[in-house]
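J.: Below is model.txt; it holds compact mmCIF, C-alpha atoms.
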# COMPACT_ATOMS: atom_id res chain seq x y z
CA MET A 276 108.26 101.47 32.22
CA ILE A 277 109.68 101.77 35.74
CA ASP A 278 107.79 99.53 38.16
CA ALA A 279 109.35 99.23 41.61
CA ALA A 280 106.61 96.75 42.56
CA ASN A 281 107.79 94.44 39.76
CA PRO A 282 111.47 94.98 39.01
CA MET A 283 111.64 92.10 36.52
CA GLU A 284 108.95 93.85 34.47
CA THR A 285 111.18 96.93 34.40
CA ALA A 286 114.12 94.74 33.35
CA PHE A 287 112.04 93.39 30.45
CA ALA A 288 111.09 96.92 29.40
CA LEU A 289 114.80 97.80 29.37
CA ALA A 290 115.57 94.65 27.36
CA ASP A 291 112.94 95.68 24.82
CA GLU A 292 114.51 99.15 24.65
CA ALA A 293 117.89 97.52 24.00
CA ALA A 294 116.44 95.40 21.19
CA ARG A 295 114.89 98.46 19.55
CA ALA A 296 118.36 100.06 19.63
CA GLY A 297 119.88 96.99 17.92
CA GLU A 298 121.45 95.65 21.11
CA VAL A 299 121.03 92.13 22.47
CA PRO A 300 117.85 92.43 24.57
CA VAL A 301 119.05 92.32 28.15
CA GLY A 302 117.85 94.63 30.91
CA ALA A 303 118.85 94.90 34.57
CA VAL A 304 117.47 96.56 37.70
CA ILE A 305 119.11 97.02 41.09
CA MET A 306 116.75 97.29 44.05
CA ARG A 307 117.29 98.42 47.63
CA ASN A 308 114.56 98.33 50.26
CA GLY A 309 111.80 97.97 47.68
CA GLN A 310 113.05 100.94 45.64
CA ILE A 311 114.83 100.99 42.31
CA LEU A 312 118.37 102.25 42.88
CA ALA A 313 119.54 101.91 39.27
CA THR A 314 118.77 100.37 35.91
CA GLY A 315 120.78 99.36 32.89
CA ARG A 316 120.45 97.76 29.50
CA ASN A 317 122.94 96.44 26.98
CA THR A 318 124.73 99.31 25.21
CA MET A 319 127.81 97.57 23.82
CA ARG A 320 127.18 98.47 20.17
CA GLU A 321 126.07 102.02 20.95
CA THR A 322 129.09 102.78 23.07
CA GLY A 323 131.69 100.53 21.45
CA ASP A 324 132.38 99.22 24.95
CA PRO A 325 132.42 95.43 25.35
CA THR A 326 131.86 95.81 29.10
CA ALA A 327 128.59 97.73 28.62
CA HIS A 328 126.40 94.77 29.57
CA ALA A 329 123.08 95.52 31.25
CA GLU A 330 124.37 94.32 34.63
CA PHE A 331 127.55 96.40 34.41
CA ASN A 332 125.60 99.50 33.42
CA ALA A 333 123.18 99.02 36.32
CA ILE A 334 126.03 98.36 38.77
CA ARG A 335 127.91 101.46 37.63
CA ALA A 336 124.79 103.61 38.00
CA ALA A 337 124.02 102.12 41.42
CA LEU A 338 127.55 102.80 42.66
CA VAL A 339 127.28 106.42 41.53
CA ALA A 340 123.88 106.77 43.23
CA ASP A 341 125.08 105.04 46.40
CA GLY A 342 128.61 106.36 46.64
CA THR A 343 129.94 103.52 48.80
CA GLY A 344 131.58 101.09 46.39
CA ARG A 345 129.51 98.19 47.70
CA LEU A 346 125.90 97.10 47.16
CA ALA A 347 125.59 94.48 49.90
CA ASP A 348 121.98 95.32 50.72
CA CYS A 349 120.83 95.31 47.08
CA ASP A 350 119.29 92.79 44.70
CA LEU A 351 119.84 92.50 40.95
CA TYR A 352 117.08 91.54 38.53
CA VAL A 353 118.30 90.69 35.02
CA THR A 354 116.67 89.08 32.00
CA LEU A 355 119.60 86.79 31.15
CA GLU A 356 121.98 84.71 33.25
CA PRO A 357 125.09 86.83 33.93
CA CYS A 358 128.34 86.06 32.11
CA THR A 359 131.68 85.56 33.86
CA MET A 360 132.58 89.26 33.64
CA CYS A 361 129.27 90.33 35.16
CA ALA A 362 129.41 87.59 37.81
CA GLY A 363 132.82 88.94 38.84
CA ALA A 364 131.42 92.45 39.16
CA ILE A 365 128.44 91.12 41.15
CA ALA A 366 130.81 89.40 43.57
CA HIS A 367 133.06 92.46 43.91
CA VAL A 368 130.20 94.81 44.80
CA LYS A 369 128.75 92.11 47.07
CA LEU A 370 125.18 92.13 45.75
CA ARG A 371 122.93 90.25 48.16
CA ARG A 372 120.75 88.44 45.63
CA VAL A 373 120.54 87.87 41.87
CA TYR A 374 117.29 87.05 40.08
CA TYR A 375 117.65 86.13 36.43
CA ALA A 376 115.19 85.05 33.76
CA ALA A 377 116.67 82.92 30.96
CA GLU A 378 119.63 80.63 31.38
CA ASP A 379 122.51 81.18 28.98
CA PRO A 380 124.05 77.75 28.28
CA LYS A 381 126.68 79.30 25.98
CA GLY A 382 127.75 82.44 27.86
CA GLY A 383 126.24 82.18 31.32
CA ALA A 384 128.51 81.77 34.32
CA VAL A 385 126.11 81.30 37.23
CA ASP A 386 124.32 78.00 36.63
CA ASN A 387 126.18 77.24 33.40
CA GLY A 388 129.77 77.49 32.23
CA VAL A 389 132.27 78.27 34.96
CA ARG A 390 129.62 78.54 37.71
CA PHE A 391 131.53 81.50 39.06
CA PHE A 392 129.83 81.77 42.47
CA SER A 393 130.58 78.10 43.24
CA GLN A 394 134.33 78.48 42.77
CA PRO A 395 136.56 78.47 45.86
CA THR A 396 138.25 81.64 44.59
CA CYS A 397 134.97 83.58 44.63
CA HIS A 398 135.05 85.83 47.69
CA HIS A 399 131.33 86.63 47.73
CA ALA A 400 128.48 84.54 46.38
CA PRO A 401 125.01 86.09 46.30
CA GLU A 402 121.85 84.08 46.65
CA VAL A 403 120.75 83.21 43.09
CA ILE A 404 117.21 82.64 41.87
CA GLY A 405 117.15 81.62 38.22
CA GLY A 406 114.34 80.99 35.78
CA VAL A 407 112.15 83.98 36.71
CA GLN A 408 109.99 84.37 33.55
CA ALA A 409 112.54 82.30 31.63
CA GLY A 410 110.16 81.51 28.79
CA ARG A 411 109.44 85.15 28.13
CA ALA A 412 113.12 86.07 28.13
CA GLY A 413 114.05 83.13 25.94
CA GLU A 414 111.40 84.06 23.39
CA MET A 415 112.59 87.67 23.35
CA LEU A 416 116.14 86.52 22.64
CA ARG A 417 115.08 83.97 19.98
CA LYS A 418 113.01 86.60 18.18
CA PHE A 419 115.84 89.14 18.30
CA PHE A 420 118.39 86.76 16.77
CA ALA A 421 115.95 85.29 14.22
CA GLU A 422 115.31 88.80 12.87
CA ARG A 423 119.03 89.31 12.33
CA ARG A 424 119.66 86.08 10.40
Any chance you could put this one into structure tokens?
T.:
Amino acid sequence: MIDAANPMETAFALADEAARAGEVPVGAVIMRNGQILATGRNTMRETGDPTAHAEFNAIRAALVADGTGRLADCDLYVTLEPCTMCAGAIAHVKLRRVYYAAEDPKGGAVDNGVRFFSQPTCHHAPEVIGGVQAGRAGEMLRKFFAERR
């Protein structure tokens, strides 16, 4: 379900799609000027690519659509706090803002772990808004992992 009026809803639909495919349920949407520029979901198992996180897939698609190598006027909506790898990609493409749903105390790198954007070596730190529908995202992740145990 693509919903430019509610990009986090689209991210959740992508996360659900990932779960149905046996992937960890994470979805991401990149917006520019109120329009969806690109979307992505986790595809690591499907592709055998450990970098195929939802954020990476959305960033790659946005860069292809945009053609500039930077996304400075774009916002990322993602259902889980980005990891260090994804935070690095976010900084490199200079995303303006990151909205995420559930915190990831184990693998997150924005408000947990290395707190990538707070490091002096980080060349670009987006505005970050965490906890957007965190309960919903957390429940989706708990259900996914409980079904696999």
J.: Fewer than 2 positions away in the same chain doesn't count, so skip those; otherwise give me all residues within 10 Å of Ala296 (chain A), counting only C-alpha atoms, as a list in words.
T.: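 Near Ala296 (chain A), the qualifying residues are Ala290, Asp291, Glu292, Ala293, Ala294, Glu298, Val299, Pro300, Asn317, Thr318, Arg320 and Glu321 of chain A.
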J.: Just to confirm, what's the straight-line distance from CA of Leu312 (chain A) to CA of Ser393 (chain A) in Å (one decimal)?
T.: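 Computing it gives 27.1 Å between the two atoms.
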J.: Would you mind listing what lies within 7 Å of region 324-331 of chain A as a list in words, with only C-alpha atoms counted and same-chain residues fewer than 2 positions away left out?
T.: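 Counting only C-alpha atoms, the residues come to Val301, Gly302, Ala303, Gly315, Arg316, Asn317, Thr318, Met319, Thr322, Ala333, Ile334, Arg335 and Cys361 of chain A.
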J.: Between A:Val353, A:Met360, A:Phe392, A:Val403, which has the minimum distance to Tyr375 (chain A) (counting all atoms listed in the file)?
T.: A:Val353
J.: Between A:Arg345, A:Gly297, A:Ala337, A:Gly309, which has the minimum distance to Ala280 (chain A) (counting all atoms listed in the file)?
T.: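 Closest to Ala280 (chain A) of all the choices is A:Gly309.
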